[in-house]
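Asks: Sharing run-v3.txt here; it has compact mmCIF, C-alpha atoms.
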# COMPACT_ATOMS: atom_id res chain seq x y z
CA MET A 1 91.58 239.10 158.09
CA VAL A 2 88.01 237.92 157.50
CA GLN A 3 88.44 238.71 153.85
CA TYR A 4 91.24 236.09 153.69
CA ILE A 5 89.45 233.41 155.72
CA TYR A 6 86.41 233.09 153.43
CA PRO A 7 88.43 232.37 150.29
CA LEU A 8 90.65 229.94 152.25
CA LEU A 9 87.61 228.12 153.62
CA LEU A 10 86.09 228.04 150.15
CA VAL A 11 89.30 226.51 148.68
CA PHE A 12 89.54 224.08 151.62
CA PHE A 13 85.93 222.84 151.15
CA ALA A 14 86.41 222.63 147.38
CA ALA A 15 89.49 220.46 147.90
CA ILE A 16 87.60 218.21 150.31
CA LEU A 17 84.70 217.85 147.87
CA LEU A 18 87.08 217.05 144.99
CA THR A 19 88.88 214.43 147.12
CA LEU A 20 85.60 212.82 148.18
CA GLY A 21 84.37 212.89 144.61
CA SER A 22 87.58 211.24 143.41
CA LEU A 23 87.27 208.56 146.10
CA LEU A 24 83.67 207.86 145.10
CA ILE A 25 84.68 207.57 141.45
CA LEU A 26 87.54 205.18 142.35
CA MET A 27 85.25 203.05 144.50
CA TYR A 28 82.71 202.86 141.68
CA TYR A 29 85.46 201.94 139.21
CA PHE A 30 86.84 199.12 141.38
CA ARG A 31 83.37 197.74 142.02
CA GLN A 32 82.59 197.68 138.31
CA ASN A 33 85.92 196.05 137.43
CA GLY A 34 85.53 193.54 140.25
CA LYS A 35 82.18 192.46 138.82
CA LYS A 36 83.73 191.98 135.41
CA LYS A 37 86.56 189.83 136.77
CA LEU A 38 84.37 187.39 138.66
CA PRO A 39 82.99 185.67 135.55
CA ASN A 40 86.56 185.38 134.22
CA LEU A 41 87.57 183.58 137.40
CA GLY A 42 84.78 181.10 136.74
CA GLU A 43 86.02 180.59 133.18
CA ASP A 44 89.60 180.18 134.38
CA ARG A 45 88.44 177.59 136.90
CA LYS A 46 86.59 175.70 134.16
CA ILE A 47 89.71 175.68 132.01
CA ILE A 48 91.87 174.44 134.88
CA ILE A 49 89.39 171.70 135.76
CA THR A 50 89.29 170.65 132.11
CA LEU A 51 93.09 170.51 131.97
CA ARG A 52 93.25 168.51 135.19
CA LEU A 53 90.59 166.10 133.93
CA GLN A 54 92.54 165.58 130.70
CA ALA A 55 95.71 164.99 132.73
CA TYR A 56 94.00 162.33 134.85
CA GLU A 57 92.67 160.68 131.69
CA ARG A 58 96.13 160.62 130.14
CA ILE A 59 97.71 159.23 133.30
CA VAL A 60 95.08 156.48 133.53
CA LEU A 61 95.68 155.65 129.88
CA PHE A 62 99.45 155.58 130.45
CA LEU A 63 99.09 153.27 133.45
CA GLU A 64 96.76 150.94 131.55
CA ARG A 65 99.13 150.86 128.58
CA ILE A 66 102.15 149.90 130.72
CA THR A 67 100.31 147.12 132.54
CA PRO A 68 102.34 144.06 131.46
CA ASN A 69 99.47 142.16 129.84
CA ASN A 70 98.42 145.20 127.74
CA LEU A 71 102.00 146.17 126.96
CA VAL A 72 103.01 142.71 125.75
CA LEU A 73 99.96 142.39 123.51
CA ARG A 74 100.66 145.74 121.90
CA ILE A 75 104.43 145.40 121.38
CA GLN A 76 105.16 141.71 120.78
CA SER A 77 106.05 140.43 117.35
CA PRO A 78 106.71 136.78 116.41
CA GLU A 79 110.12 137.44 114.83
CA MET A 80 111.58 139.20 117.90
CA SER A 81 114.07 137.56 120.21
CA SER A 82 113.49 137.86 123.95
CA LEU A 83 116.24 140.52 124.13
CA GLN A 84 114.65 142.53 121.31
CA LEU A 85 111.22 142.25 122.89
CA GLN A 86 112.62 143.26 126.27
CA ALA A 87 114.25 146.35 124.72
CA ALA A 88 111.11 147.25 122.76
CA LEU A 89 108.90 146.97 125.86
CA ILE A 90 111.19 149.17 127.93
CA GLN A 91 111.54 151.70 125.11
CA SER A 92 107.76 151.89 124.76
CA ILE A 93 107.32 152.52 128.50
CA ARG A 94 109.96 155.25 128.54
CA GLU A 95 108.55 156.98 125.45
CA GLU A 96 105.04 157.01 126.86
CA TYR A 97 106.30 158.26 130.20
CA GLU A 98 108.24 161.10 128.55
CA TYR A 99 105.18 161.97 126.48
CA ASN A 100 103.15 162.33 129.69
CA LEU A 101 105.75 164.14 131.84
CA SER A 102 103.88 167.44 131.69
CA GLN A 103 100.83 165.88 133.35
CA GLN A 104 102.59 166.06 136.70
CA LEU A 105 101.62 169.75 136.76
CA TYR A 106 97.97 168.82 137.20
CA ILE A 107 98.09 165.91 139.65
CA SER A 108 99.37 165.70 143.20
CA SER A 109 103.00 164.98 143.99
CA LYS A 110 101.99 161.75 145.71
CA ALA A 111 100.06 160.53 142.65
CA TRP A 112 102.95 161.43 140.33
CA GLU A 113 105.38 159.60 142.60
CA LEU A 114 103.19 156.49 142.37
CA VAL A 115 103.06 156.83 138.57
CA ARG A 116 106.85 157.07 138.41
CA ASN A 117 107.18 154.08 140.77
CA ALA A 118 104.79 152.09 138.58
CA LYS A 119 106.89 152.80 135.50
CA GLU A 120 110.06 151.74 137.30
CA GLU A 121 108.45 148.57 138.67
CA VAL A 122 107.25 147.47 135.24
CA ILE A 123 110.74 148.04 133.83
CA ARG A 124 112.27 146.03 136.71
CA LEU A 125 109.76 143.22 136.11
CA ILE A 126 110.63 143.11 132.39
CA ASN A 127 114.36 143.08 133.16
CA LYS A 128 113.88 140.36 135.77
CA ALA A 129 111.93 138.25 133.28
CA GLY A 130 114.55 138.88 130.62
CA GLY A 131 117.28 137.76 133.02
CA LYS A 132 115.61 134.36 133.40
CA LEU A 133 116.01 133.56 129.68
CA PRO A 134 118.99 133.29 127.36
CA GLU A 135 119.45 136.27 125.04
CA THR A 136 118.79 134.11 121.99
CA ALA A 137 115.43 132.83 123.26
CA PRO A 138 112.43 133.76 121.14
CA GLY A 139 110.30 136.65 122.33
CA ALA A 140 107.33 134.32 122.69
CA GLU A 141 109.14 132.67 125.63
CA LEU A 142 109.55 136.01 127.43
CA ILE A 143 105.84 136.78 127.45
CA PRO A 144 104.71 134.01 129.86
CA VAL A 145 107.60 134.82 132.21
CA ILE A 146 106.57 138.49 132.33
CA LEU A 147 102.93 137.61 132.90
CA GLU A 148 103.81 135.07 135.59
CA LEU A 149 105.88 137.65 137.50
CA TYR A 150 103.09 140.18 137.09
CA LEU A 151 100.44 137.82 138.45
CA GLU A 152 102.62 136.90 141.45
CA ASN A 153 102.55 140.50 142.68
CA GLU A 154 99.29 141.18 144.56
CA ARG A 155 99.74 144.93 145.02
CA PHE A 156 101.36 145.87 141.76
CA ALA A 157 102.54 149.50 141.60
CA VAL A 158 100.43 150.20 138.52
CA ASN A 159 97.30 149.27 140.48
CA LEU A 160 98.35 151.45 143.42
CA ALA A 161 98.91 154.40 141.09
CA LEU A 162 95.57 153.82 139.35
CA ASP A 163 93.78 153.73 142.70
CA LYS A 164 95.42 157.01 143.79
CA VAL A 165 94.63 158.77 140.51
CA LYS A 166 91.01 157.64 140.65
CA GLU A 167 90.75 158.76 144.28
CA GLU A 168 92.05 162.23 143.39
CA LEU A 169 89.68 162.42 140.45
CA ARG A 170 86.72 161.64 142.71
CA LYS A 171 87.82 164.47 145.05
CA LEU A 172 87.95 166.86 142.12
CA PHE A 173 84.21 166.45 141.62
Translate the structure of the given file into structure tokens.
Replies:
Amino acid sequence: MVQYIYPLLLVFFAAILLTLGSLLILMYYFRQNGKKKLPNLGEDRKIIITLRLQAYERIVLFLERITPNNLVLRIQSPEMSSLQLQAALIQSIREEYEYNLSQQLYISSKAWELVRNAKEEVIRLINKAGGKLPETAPGAELIPVILELYLENERFAVNLALDKVKEELRKLF
């Protein structure tokens, strides 16, 4: 019986040593791979921060471009009627908004909601101004009405959205 116990003990200890050796090799492997992944996480974070920063820049630019005084200066043309100018202003806002839709991935839901509200408020303001004039009025008559309505509003949605975006940007750094 002793002659069978020694070989069994030898096989048993060999199996234990192989298992421990395998565990040590696995632990070493995971430690080495973990060290290699940490710098990648830093690079990924840099890329994400860069993308978020670009998104905030684009949103600020969008909000500045749809501010009525900037929008009117960029779009107006002397030969346009008030109806044509109204349509061109609204089309410009919608195109810029659609161009920037993907930026909502990088900013908070609250900030994006304010951006969307700002777009809608500017469109409402333009439509309200357009409703005060006859369709055949020259576009030059629409501009002061738009600017007057804009200046009457103390807490304009564009300004609220800009404040929120800037606040989030400050938190990012």
Asks: Suppose you want the space between CA of Leu53 (chain A) and CA of Glu95 (chain A); what is it in Å?
Replies: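 Going from CA of Leu53 (chain A) over to CA of Glu95 (chain A) covers 21.9 Å.
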Asks: Point out the residue among A:Ala118, A:Arg31, A:Ile143, A:Pro138 with the least atom-to-atom distance to Leu71 (chain A), counting only C-alpha atoms.
Replies: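 Result for the nearest residue to Leu71 (chain A): A:Ile143.
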Asks: Pick from A:Leu147, A:Leu160, A:Leu61, A:Leu169: nearest to Tyr99 (chain A), with only C-alpha atoms counted?
Replies: A:Leu61
Asks: Name the residues in contact with Ala140 (chain A) at a cut-off of 10 Å, using all atoms listed in the file, excluding same-chain residues fewer than 4 positions from it; report them as a list of chain:residue names.
Replies: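 Using all atoms listed in the file, the neighbours found are A:Val72, A:Gln76, A:Ser77, A:Pro78, A:Glu79, A:Met80, A:Ser81, A:Ser82, A:Leu85, A:Pro144, A:Val145.
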Asks: Selected residues, C-alpha atoms, written as a compact mmCIF listing (two decimals), in the frame of the given file, please.
Replies:
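This is the output file selection.txt:
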# COMPACT_ATOMS: atom_id res chain seq x y z
CA VAL A 72 103.01 142.71 125.75
CA GLN A 76 105.16 141.71 120.78
CA SER A 77 106.05 140.43 117.35
CA PRO A 78 106.71 136.78 116.41
CA GLU A 79 110.12 137.44 114.83
CA MET A 80 111.58 139.20 117.90
CA SER A 81 114.07 137.56 120.21
CA SER A 82 113.49 137.86 123.95
CA LEU A 85 111.22 142.25 122.89
CA PRO A 144 104.71 134.01 129.86
CA VAL A 145 107.60 134.82 132.21
Asks: Find, counting all atoms listed in the file, the residue in A:Phe156, A:Pro68, A:Pro134, A:Ile107 that gets nearest to Gln54 (chain A).
Replies: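 Checking each candidate against Gln54 (chain A), we get A:Ile107 as the closest.
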Asks: List the neighbours of Trp112 (chain A) out to 10 Å using only C-alpha atoms; skip same-chain residues closer than 3 positions along the sequence, and give me the result as an MDAnalysis selection string.
Replies: chainID A and resid 59 101 103:109 115:118 161 164:165
Asks: Which value, in Å to one decimal, gives the distance between CA of Arg45 (chain A) and CA of Arg170 (chain A)?
Replies: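 Straight-line distance from CA of Arg45 (chain A) to CA of Arg170 (chain A) works out to 17.1 Å.
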Asks: So how far away is CA of Glu113 (chain A) from CA of Glu148 (chain A), in Å?
Replies: 25.6 Å
Asks: Where atoms are missing, can you supply N, CA and C atoms for region 123-135 of chain A and output the lot as a PDB file, in the coordinates of the input?
Replies:
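Listed below is the output, selection.pdb:
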ATOM      1  N   ILE A 123     109.428 148.224 134.471  1.00  0.00           N
ATOM      2  CA  ILE A 123     110.740 148.040 133.830  1.00  0.00           C
ATOM      3  C   ILE A 123     111.557 146.988 134.573  1.00  0.00           C
ATOM      4  N   ARG A 124     111.546 147.049 135.916  1.00  0.00           N
ATOM      5  CA  ARG A 124     112.270 146.030 136.710  1.00  0.00           C
ATOM      6  C   ARG A 124     111.718 144.638 136.440  1.00  0.00           C
ATOM      7  N   LEU A 125     110.399 144.523 136.369  1.00  0.00           N
ATOM      8  CA  LEU A 125     109.760 143.220 136.110  1.00  0.00           C
ATOM      9  C   LEU A 125     110.204 142.674 134.756  1.00  0.00           C
ATOM     10  N   ILE A 126     110.221 143.538 133.739  1.00  0.00           N
ATOM     11  CA  ILE A 126     110.630 143.110 132.390  1.00  0.00           C
ATOM     12  C   ILE A 126     112.095 142.676 132.397  1.00  0.00           C
ATOM     13  N   ASN A 127     112.932 143.447 133.078  1.00  0.00           N
ATOM     14  CA  ASN A 127     114.360 143.080 133.160  1.00  0.00           C
ATOM     15  C   ASN A 127     114.560 141.786 133.933  1.00  0.00           C
ATOM     16  N   LYS A 128     113.796 141.599 134.990  1.00  0.00           N
ATOM     17  CA  LYS A 128     113.880 140.360 135.770  1.00  0.00           C
ATOM     18  C   LYS A 128     113.474 139.163 134.912  1.00  0.00           C
ATOM     19  N   ALA A 129     112.392 139.331 134.166  1.00  0.00           N
ATOM     20  CA  ALA A 129     111.930 138.250 133.280  1.00  0.00           C
ATOM     21  C   ALA A 129     112.960 137.975 132.201  1.00  0.00           C
ATOM     22  N   GLY A 130     113.522 139.047 131.651  1.00  0.00           N
ATOM     23  CA  GLY A 130     114.550 138.880 130.620  1.00  0.00           C
ATOM     24  C   GLY A 130     115.789 138.182 131.147  1.00  0.00           C
ATOM     25  N   GLY A 131     116.128 138.405 132.403  1.00  0.00           N
ATOM     26  CA  GLY A 131     117.280 137.760 133.020  1.00  0.00           C
ATOM     27  C   GLY A 131     117.104 136.280 133.238  1.00  0.00           C
ATOM     28  N   LYS A 132     115.875 135.795 133.195  1.00  0.00           N
ATOM     29  CA  LYS A 132     115.610 134.360 133.400  1.00  0.00           C
ATOM     30  C   LYS A 132     115.760 133.554 132.112  1.00  0.00           C
ATOM     31  N   LEU A 133     115.919 134.251 130.979  1.00  0.00           N
ATOM     32  CA  LEU A 133     116.010 133.560 129.680  1.00  0.00           C
ATOM     33  C   LEU A 133     117.338 133.870 129.009  1.00  0.00           C
ATOM     34  N   PRO A 134     117.800 132.958 128.148  1.00  0.00           N
ATOM     35  CA  PRO A 134     118.990 133.290 127.360  1.00  0.00           C
ATOM     36  C   PRO A 134     118.655 134.386 126.341  1.00  0.00           C
ATOM     37  N   GLU A 135     119.663 135.144 125.967  1.00  0.00           N
ATOM     38  CA  GLU A 135     119.450 136.270 125.040  1.00  0.00           C
ATOM     39  C   GLU A 135     118.907 135.809 123.688  1.00  0.00           C
TER      40      GLU A 135
END
